[in-house]
Amino acid sequence: MTEKQSIYEVHDPRFRYLTVGSAALDELHSGCRWAEGPVWFADLNCLIWSDIPNERMMRYSQDGDVSVFRTASQFTNGNTRDRQGRLVSCQHGGRRVVRTEIDGSITVLADRYQGKRLNSPNDVVVKADGSVWFTDPTYGILSNYEGYKAEPEQATRNVYRLDPATGDLTVVCDDFGQPNGLAFSPDESRLYIADSASSHDTKASRHIRVFDVVDGKALGNGRVFCSLDNGLPDGFRVDVDGNIWTSAGDGVHCFAPDGTLLGKILVPQTVANVTFGGPRRNRLFITATKSLYAIYTATTGAGFC
Ligand code: MG
């Protein structure tokens, strides 16, 4: 039995201990075309996110100011930070994963696999050992709206692991319809990966799979972690207790580590991605179609971005 409570849907009593009942959903900015890729910079007290079709990146400061962070962003989608604090981004336009150095220059981390161009890297996460894991669906080459229309050169839509020390790029999974968001469990023993293939095939997957991380480098024992009952999973994040906070059609869905749906935060627009931020890492930033939203929670994001 689902209990409705203002902007929350409580499906399990545990959800009340993860949320603040009196907290409001704040719309911090609007005017994007497709907001994605939020990443928190605690040292700068700001959030950076992507506005993919407008080919720009935006910045929200904790004091409320919103400004353009980067123009001509090459249709940047997902963002994260590496262990040195550098911005790591997926670019549809360049069909590559790049790192912004502290002097502002751009280093290409990966743009080809076995001599062929990547599809359009979508989302990225950096493991504690510095390895860069990213997904490579075809969304950015399907049309000229979020990139440049092109035929894929890769036979499959892969999930990759990049070793930054050697530059070796390896496929860790190749059987996704459209791999999308990804995140490690707090202890990095598991990797969660969304499959958003239902975006173009209603019969296809709209679930998050979970894998065991084997020797820190490979994936095994893949199984379906959860399926969404509204919309599809794009980007998501994990809190300190291992709960998954994922984008969905009607808002943000929160799943326990055992896959139980704990509850939802209802958002007026389709959600693409989320991240925890704020000085105490207890504020969930939500990129949802045209707008950036935020809501304070009773939990804390795992990691630092
Ligand atoms: Mg995505």
# chains A, B, ... in the order shown; residues from 1 in each chain; ligands from 1
>>> residues_near_ligand(ligand="ligand 1", cutoff="6 Å", atoms="only C-alpha atoms and all ligand atoms", output="list in words")
Asn122, Asp123, Asn180, Gly181, Asp234 and Gly235 of chain A
>>> select_by_dssp(residues="region 86-204 of chain A", states="helix (DSSP H, G or I)", output="list in words")
Tyr139, Gly140, Ile141, Ala197, Ser198 and Ser199 of chain A
>>> closest_atom_pairs(of="region 17-105 of chain A", to="region 260-283 of chain A", cutoff="7 Å", atoms="only C-alpha atoms", output="Markdown table")
| residue | atom | partner | partner_atom | distance |
| --- | --- | --- | --- | --- |
| A:Glu36 | CA | A:Asn273 | CA | 5.7 |
| A:Gly37 | CA | A:Asn273 | CA | 6.4 |
| A:Pro38 | CA | A:Thr275 | CA | 6.0 |
| A:Val39 | CA | A:Thr275 | CA | 6.4 |
| A:Trp40 | CA | A:Gly277 | CA | 5.4 |
| A:Ala42 | CA | A:Pro279 | CA | 6.6 |
>>> select_by_dssp(residues="region 45-136 of chain A", states="strand (DSSP E or B)", output="PyMOL selection string")
chain A and resi 46-51+56-61+66-71+76-81+87-91+96-100+106-110+112-113+116-117+124-126+132-135
>>> residues_around(residues="Asn79 (chain A)", least_positions_apart="6", cutoff="12 Å", atoms="only C-alpha atoms", output="ChimeraX atom specification")
/A:35-41,47-52,57-58,73,85-91,97-100,121-126,132-135,181-182,235-236,273-275,305
>>> residues_around(residues="Leu284 (chain A)", least_positions_apart="4", cutoff="10 Å", atoms="only C-alpha atoms", output="mmCIF file with N, CA and C atoms, in the first residue's frame")
data_model
loop_
_atom_site.group_PDB
_atom_site.id
_atom_site.type_symbol
_atom_site.label_atom_id
_atom_site.label_comp_id
_atom_site.auth_asym_id
_atom_site.auth_seq_id
_atom_site.Cartn_x
_atom_site.Cartn_y
_atom_site.Cartn_z
ATOM 1 N N LEU A 25 10.972 21.192 -2.323
ATOM 2 C CA LEU A 25 11.710 20.995 -3.566
ATOM 3 C C LEU A 25 11.939 22.372 -4.176
ATOM 4 N N ARG A 237 22.874 8.273 -8.083
ATOM 5 C CA ARG A 237 23.958 8.327 -7.113
ATOM 6 C C ARG A 237 23.635 7.416 -5.940
ATOM 7 N N TRP A 245 19.763 6.411 -5.419
ATOM 8 C CA TRP A 245 18.832 7.507 -5.721
ATOM 9 C C TRP A 245 18.904 7.722 -7.226
ATOM 10 N N VAL A 252 12.500 11.183 -8.516
ATOM 11 C CA VAL A 252 13.665 10.435 -8.055
ATOM 12 C C VAL A 252 13.164 9.234 -7.267
ATOM 13 N N VAL A 274 21.057 13.006 -10.873
ATOM 14 C CA VAL A 274 21.093 13.595 -9.530
ATOM 15 C C VAL A 274 22.524 13.545 -9.002
ATOM 16 N N THR A 275 22.795 14.386 -7.992
ATOM 17 C CA THR A 275 24.011 14.202 -7.201
ATOM 18 C C THR A 275 23.824 14.870 -5.846
ATOM 19 N N PHE A 276 24.529 14.376 -4.858
ATOM 20 C CA PHE A 276 24.493 14.994 -3.540
ATOM 21 C C PHE A 276 25.527 16.113 -3.477
ATOM 22 N N GLY A 277 25.168 17.202 -2.786
ATOM 23 C CA GLY A 277 26.099 18.309 -2.647
ATOM 24 C C GLY A 277 25.741 19.152 -1.443
ATOM 25 N N GLY A 278 26.235 20.378 -1.460
ATOM 26 C CA GLY A 278 26.065 21.261 -0.321
ATOM 27 C C GLY A 278 27.171 21.001 0.693
ATOM 28 N N TYR A 293 16.764 21.379 -9.851
ATOM 29 C CA TYR A 293 16.064 21.385 -8.562
ATOM 30 C C TYR A 293 17.036 20.922 -7.478
ATOM 31 N N ALA A 294 16.640 21.173 -6.210
ATOM 32 C CA ALA A 294 17.398 20.632 -5.086
ATOM 33 C C ALA A 294 16.453 20.421 -3.918
ATOM 34 N N ILE A 295 16.791 19.428 -3.100
ATOM 35 C CA ILE A 295 16.013 19.172 -1.887
ATOM 36 C C ILE A 295 16.968 18.643 -0.816
ATOM 37 N N TYR A 296 16.802 19.147 0.396
ATOM 38 C CA TYR A 296 17.608 18.627 1.499
ATOM 39 C C TYR A 296 17.082 17.261 1.920
ATOM 40 N N THR A 297 17.988 16.368 2.246
ATOM 41 C CA THR A 297 17.640 15.016 2.659
ATOM 42 C C THR A 297 18.174 14.761 4.076
ATOM 43 N N THR A 299 20.088 12.142 4.606
ATOM 44 C CA THR A 299 21.238 11.276 4.415
ATOM 45 C C THR A 299 22.373 12.072 3.788
ATOM 46 N N THR A 300 23.441 11.386 3.443
ATOM 47 C CA THR A 300 24.643 12.014 2.899
ATOM 48 C C THR A 300 25.101 11.213 1.707
ATOM 49 N N GLY A 301 25.563 11.901 0.686
ATOM 50 C CA GLY A 301 26.057 11.209 -0.486
ATOM 51 C C GLY A 301 27.371 10.497 -0.225
#
>>> residues_around(residues="Gly167 (chain A)", least_positions_apart="6", cutoff="10 Å", atoms="only C-alpha atoms", output="PDB file with N, CA, C and O atoms, in the first residue's frame")
ATOM      1  N   LEU A 109      40.982  11.543 -22.647  1.00  0.00           N
ATOM      2  CA  LEU A 109      41.298  10.286 -21.963  1.00  0.00           C
ATOM      3  C   LEU A 109      40.990   9.082 -22.848  1.00  0.00           C
ATOM      4  O   LEU A 109      41.710   8.081 -22.823  1.00  0.00           O
ATOM      5  N   ALA A 110      39.908   9.164 -23.600  1.00  0.00           N
ATOM      6  CA  ALA A 110      39.529   8.039 -24.469  1.00  0.00           C
ATOM      7  C   ALA A 110      38.627   8.540 -25.573  1.00  0.00           C
ATOM      8  O   ALA A 110      37.689   9.305 -25.311  1.00  0.00           O
ATOM      9  N   SER A 131      41.054   4.608 -11.747  1.00  0.00           N
ATOM     10  CA  SER A 131      40.520   4.106 -13.015  1.00  0.00           C
ATOM     11  C   SER A 131      39.206   4.807 -13.344  1.00  0.00           C
ATOM     12  O   SER A 131      38.425   5.160 -12.455  1.00  0.00           O
ATOM     13  N   ARG A 161      36.451   0.456 -18.961  1.00  0.00           N
ATOM     14  CA  ARG A 161      37.337   0.840 -17.866  1.00  0.00           C
ATOM     15  C   ARG A 161      38.644   1.339 -18.477  1.00  0.00           C
ATOM     16  O   ARG A 161      39.274   0.640 -19.282  1.00  0.00           O
TER      17      ARG A 161
END
>>> closest_residue(among="A:Pro257, A:Phe304, A:Ala248, A:Glu27", to="Arg209 (chain A)", atoms="only C-alpha atoms")
A:Pro257
>>> residues_around(residues="Arg223 (chain A)", least_positions_apart="5", cutoff="9 Å", atoms="only C-alpha atoms", output="PyMOL selection string")
chain A and resi 208-211
>>> atom_distance(atom1="CA of Ser199 (chain A)", atom2="CA of Leu232 (chain A)")
7.3 Å
